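Notes for the one structure printed next.
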Amino acid sequence: MRKKPLRSLSGRRDFELVFEEGISSASQHFVIYARLNDLGFDRLGLSVSKKIGAAVIRNRIRRLLKEAVRKIVGELSLNYDLVIVAKRSSKEGTLDDFVRVIRRFLFKFTRENAVISQG
RNA sequence: AGAGCAGGAGGAGUGGUCGCCCGCCGGGAUAUGCAGUCCCAGACGGGAGGAAAGUCCGAGCUCAGCAGGGCAAGGCGGUCGCCAGCAGCGACUGGGGGAAACCCCAAGGAAAGUGCCACAGAAAGGGAAACCGUCCCGGCUUUGUCGGGACAAGGGUGAAAAGGUGAGGUAAGAGCUCACCAGUUGGGGUGGCGACAUCUCAAGCUUGGUAAACCCCGCCUUGAGCAAGGUCGAAUAGGUUCCGCCUUGAGAGGGGCCCCUUCGAAUCCCUUGGAAGCCUCAGGCCGAGAGGGAGGCGGAACGGGUUGAGACCGCAUGAGUCCGGCGGCAACGCCGGGUCUUAGAUGAAUGACCACAUUACACAGAACUCGGCUUACAACCUGCUCUGACA
RNA sequence: CGGGGCGUAGCGCAGUCCGGCUAGCGCACCUGCUUUGGGAGCAGGGAGUCGGAGGUUCAAAUCCUCUCGCCCCGA
């Protein structure tokens, strides 16, 4: 079965829900927060501050992160709300870096949730 | 060949696979149907820039305000022209730099007034000022020194010291006088639309700098901004408070629920009270008025709401651009022609990977629109300068 | 979209309005004295392209224009 397309996370309420209920993981290039949802599709919120760089650099980071999440989420059956906060070093990351980190985090997160739902 | 400076031009191409935004077509759901709304994994088309940037100016557009004039505040400042307009552009004038090509200039007024000009210097703007000096007179202890006076030449100080050179003149000097030169003001001639240039006459002989100091003169400026503003809609959220006015009726029909038809169609109740009038012995008829509540309409004030109830319009063809002709030194204008014109989001779209050309690499990402200015920049093209090599 | 502020020694600030004075103050730093040694104290000293570029002026941290970076506020 093919998943419905990725949507944007919007509003302070949704973001805070992910920050409070979800779990987080920090890596060299960004911080990622995640929680499960039951909406039938995945949602992604990106926070790329103006401090990180000019518009072209910020767009580049956003698009790479979006592409990385899109690739990984297709491999998983559950639905997630994700928030990724970029760091100053994000501009040095490549797509492969992002994919590797997000995949490891999400696979681990999914495994833990599977254990909980079984137990 | 390399480097530097200035200008021009600035397209990361083609083909695949996956993905995003918009438009349109198609399919599905709701409905008798249409419209509308929602869903789609389908097809087709389109999808950042010369600076999209900085937000430094100017406009369009929208709302609010506005009789006219003045003050205040701010901006602009050679002339003529161009432009919708500008602090923009073109040509010219004047000034400055340079050997030259050429480049640069916020370029009205300091003889309206006020302020300021540190330090140094005798004196810094008062026709002022005597430090070293020059000259004259007088005293004394006579190669000198002291006192009084004249002098703006020379020295010295300073960013700047009150025209320059020569002659006359004098005790010594001085625009004190004269000639020439420079400059100022005024008059006149010639050229130019004009800024101005040039020639000439006269005057007093000379009047420092600073207005990116206050200021004066001339010209310009209403304010806020697309979160402007408009239309439609929902509600445990059609709010609260105050003021004014209104609240008379049994009932019937139609439809998509609020309108139509109709004299009347959202719409009254409780308590108190018992005016006037009428009948009347009592009393009654009638139901004004007052208070409270509820409702309707209008107005004012205050909230709630950005912590997602909004959607749509504004919102994409414009003072556009290219070609040709004509006018103009040019900026630009006029005329004709062009199957030249295609982003439009709203948690916000252009991405990823592969292949191919020796290789993909500057600055950089639309948010109401347009005209400028400024700043950033790889390879490429043009010009100039420098260095090196060869002939 | 609109408005405001800051940038001066390693750090925190003054001076800027109204131009000129050796660009100053505190902490820190260095040297010496003092002490058995350290601290404190005393004396002396070093360190500044005044964010950058250009302009006005005799003269600019200060005035004007452009520009870079940082911070804050309102709708």
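Numbering starts fresh at 1 for the residues of each chain in the structure tokens, the chains themselves are lettered A, B, ... in the order given, and ligands are numbered from 1 as they appear.
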Got a sec: who's within 6 Å of range 53-62 of chain C, counting only C-alpha atoms (C1' of nucleotides), leaving out chain neighbours fewer than 5 positions off, as a compact mmCIF listing (two decimals) with N, CA and C atoms (P, O5', C5', C4', C3', O3' and C1' of nucleotides), in the first residue's frame?
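Output file around-v8.txt is given in full below:
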```txt
# COMPACT_ATOMS: atom_id res chain seq x y z
P A B 159 49.31 74.74 10.74
O5' A B 159 48.69 75.41 9.44
C5' A B 159 48.78 74.77 8.18
C4' A B 159 47.67 75.25 7.27
C3' A B 159 47.54 76.76 7.16
O3' A B 159 48.39 77.25 6.14
C1' A B 159 45.42 75.82 7.63
P A B 212 25.25 72.72 3.94
O5' A B 212 25.55 71.26 4.48
C5' A B 212 25.28 70.91 5.82
C4' A B 212 26.07 69.67 6.19
C3' A B 212 27.50 69.94 6.61
O3' A B 212 27.53 70.10 8.01
C1' A B 212 27.39 68.17 5.01
P U C 16 29.81 64.30 24.20
O5' U C 16 29.88 63.82 22.69
C5' U C 16 30.75 64.48 21.77
C4' U C 16 30.41 64.10 20.34
C3' U C 16 28.96 64.33 19.94
O3' U C 16 28.90 64.80 18.60
C1' U C 16 29.54 62.05 19.62
```
Can you check which residues of chain B have any atom within 7 Å of chain A? Use only C-alpha atoms (C1' of nucleotides) and format it as a list of chain:residue names.
->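 That gives B:G308, B:G347, B:G351, B:A352, B:A364, B:G365 for chain B.
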Suppose we keep N, CA, C and O atoms (P, O5', C5', C4', C3', O3' and C1' of nucleotides); can you now write the selection as a PDB file, in the first residue's frame?
```pdb
ATOM      1  P     G B 308      -5.105  27.168  18.429  1.00  0.00           P
ATOM      2  O5'   G B 308      -6.315  27.804  17.616  1.00  0.00           O
ATOM      3  C5'   G B 308      -6.210  29.078  17.008  1.00  0.00           C
ATOM      4  C4'   G B 308      -6.430  29.016  15.513  1.00  0.00           C
ATOM      5  C3'   G B 308      -7.437  27.984  15.029  1.00  0.00           C
ATOM      6  O3'   G B 308      -8.764  28.403  15.210  1.00  0.00           O
ATOM      7  C1'   G B 308      -5.524  27.938  13.653  1.00  0.00           C
ATOM      8  P     G B 347      -0.132  29.191   5.890  1.00  0.00           P
ATOM      9  O5'   G B 347       0.959  28.054   5.658  1.00  0.00           O
ATOM     10  C5'   G B 347       2.243  28.369   5.165  1.00  0.00           C
ATOM     11  C4'   G B 347       3.252  27.395   5.672  1.00  0.00           C
ATOM     12  C3'   G B 347       2.785  25.964   5.755  1.00  0.00           C
ATOM     13  O3'   G B 347       3.875  25.110   5.406  1.00  0.00           O
ATOM     14  C1'   G B 347       3.475  26.700   7.881  1.00  0.00           C
ATOM     15  P     G B 351      15.899  23.502  -7.742  1.00  0.00           P
ATOM     16  O5'   G B 351      16.292  22.375  -6.699  1.00  0.00           O
ATOM     17  C5'   G B 351      16.043  22.547  -5.304  1.00  0.00           C
ATOM     18  C4'   G B 351      15.669  21.233  -4.655  1.00  0.00           C
ATOM     19  C3'   G B 351      16.511  20.038  -5.085  1.00  0.00           C
ATOM     20  O3'   G B 351      17.773  20.006  -4.432  1.00  0.00           O
ATOM     21  C1'   G B 351      14.231  19.443  -5.103  1.00  0.00           C
ATOM     22  P     A B 352      19.022  19.349  -5.174  1.00  0.00           P
ATOM     23  O5'   A B 352      18.704  17.798  -5.018  1.00  0.00           O
ATOM     24  C5'   A B 352      18.660  17.187  -3.742  1.00  0.00           C
ATOM     25  C4'   A B 352      18.315  15.725  -3.853  1.00  0.00           C
ATOM     26  C3'   A B 352      19.196  14.938  -4.806  1.00  0.00           C
ATOM     27  O3'   A B 352      20.398  14.526  -4.200  1.00  0.00           O
ATOM     28  C1'   A B 352      16.924  14.451  -5.247  1.00  0.00           C
ATOM     29  P     A B 364      26.156  36.395  -1.638  1.00  0.00           P
ATOM     30  O5'   A B 364      24.638  36.763  -1.926  1.00  0.00           O
ATOM     31  C5'   A B 364      23.643  35.781  -1.934  1.00  0.00           C
ATOM     32  C4'   A B 364      22.722  36.006  -3.094  1.00  0.00           C
ATOM     33  C3'   A B 364      21.303  35.472  -2.917  1.00  0.00           C
ATOM     34  O3'   A B 364      20.498  36.414  -2.245  1.00  0.00           O
ATOM     35  C1'   A B 364      22.155  34.836  -5.032  1.00  0.00           C
ATOM     36  P     G B 365      19.493  35.945  -1.061  1.00  0.00           P
ATOM     37  O5'   G B 365      18.119  35.776  -1.829  1.00  0.00           O
ATOM     38  C5'   G B 365      17.819  34.626  -2.538  1.00  0.00           C
ATOM     39  C4'   G B 365      16.543  34.767  -3.320  1.00  0.00           C
ATOM     40  C3'   G B 365      15.280  34.669  -2.462  1.00  0.00           C
ATOM     41  O3'   G B 365      14.299  35.520  -2.995  1.00  0.00           O
ATOM     42  C1'   G B 365      15.340  32.892  -4.029  1.00  0.00           C
TER      43        G B 365
END
```
Polymer residues at most 10 Å from C50 in chain C, only C-alpha atoms (C1' of nucleotides), same-chain spacing of 5 or more positions, as a list of chain:residue names |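 Within the cut-off, the hits are C:G7, C:U8, C:A23, C:A61.
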With C-alpha atoms (C1' of nucleotides) retained, export the selected residues as a tab-separated table (two decimals), in the first residue's frame.
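Output (selection.tsv):
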```tsv
chain	number	residue	atom	x	y	z
C	7	G	C1'	29.42	48.92	17.13
C	8	U	C1'	35.51	52.93	20.83
C	23	A	C1'	40.61	59.34	22.94
C	61	A	C1'	35.41	58.98	17.09
```
In chain A, DSSP alpha helix (DSSP H) residues written as a ChimeraX atom specification | /A:12-21,55-73,95-118
What is the distance, in Å and to one decimal place, between C1' of G274 in chain B and C1' of A288 in chain B?
->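 Taking C1' of G274 in chain B and C1' of A288 in chain B, their separation equals 9.5 Å.
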For each of B:U206, B:U93, B:U321, B:U359, take the minimum atom-to-atom distance to G164 in chain B, counting only C-alpha atoms (C1' of nucleotides), then give the residue where this is smallest.
->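 Ranked by minimum distance to G164 in chain B, first place goes to B:U206.
Counting only C-alpha atoms (C1' of nucleotides) and comparing A:Val69, A:Ile32, A:Phe98, A:Lys51, the residue that lies closest to chain C is A:Lys51.
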Spatial neighbours of C5 in chain B, max dist 12 Å, only C-alpha atoms (C1' of nucleotides), sep filter under 6 positions, as a PyMOL selection string | chain B and resi 383-386
From a DSSP pass on the backbone, collect the residues of chain A flagged as strand (DSSP E or B) and hand them back as a ChimeraX atom specification.
-> /A:7-8,23-26,30-36,43-47,80-86
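C1' of C57 in chain B sits 19.3 Å away from C1' of U222 in chain B.
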What separation in Å, quoted to one decimal, exists between C1' of A195 in chain B and C1' of G78 in chain B?
-> 6.0 Å
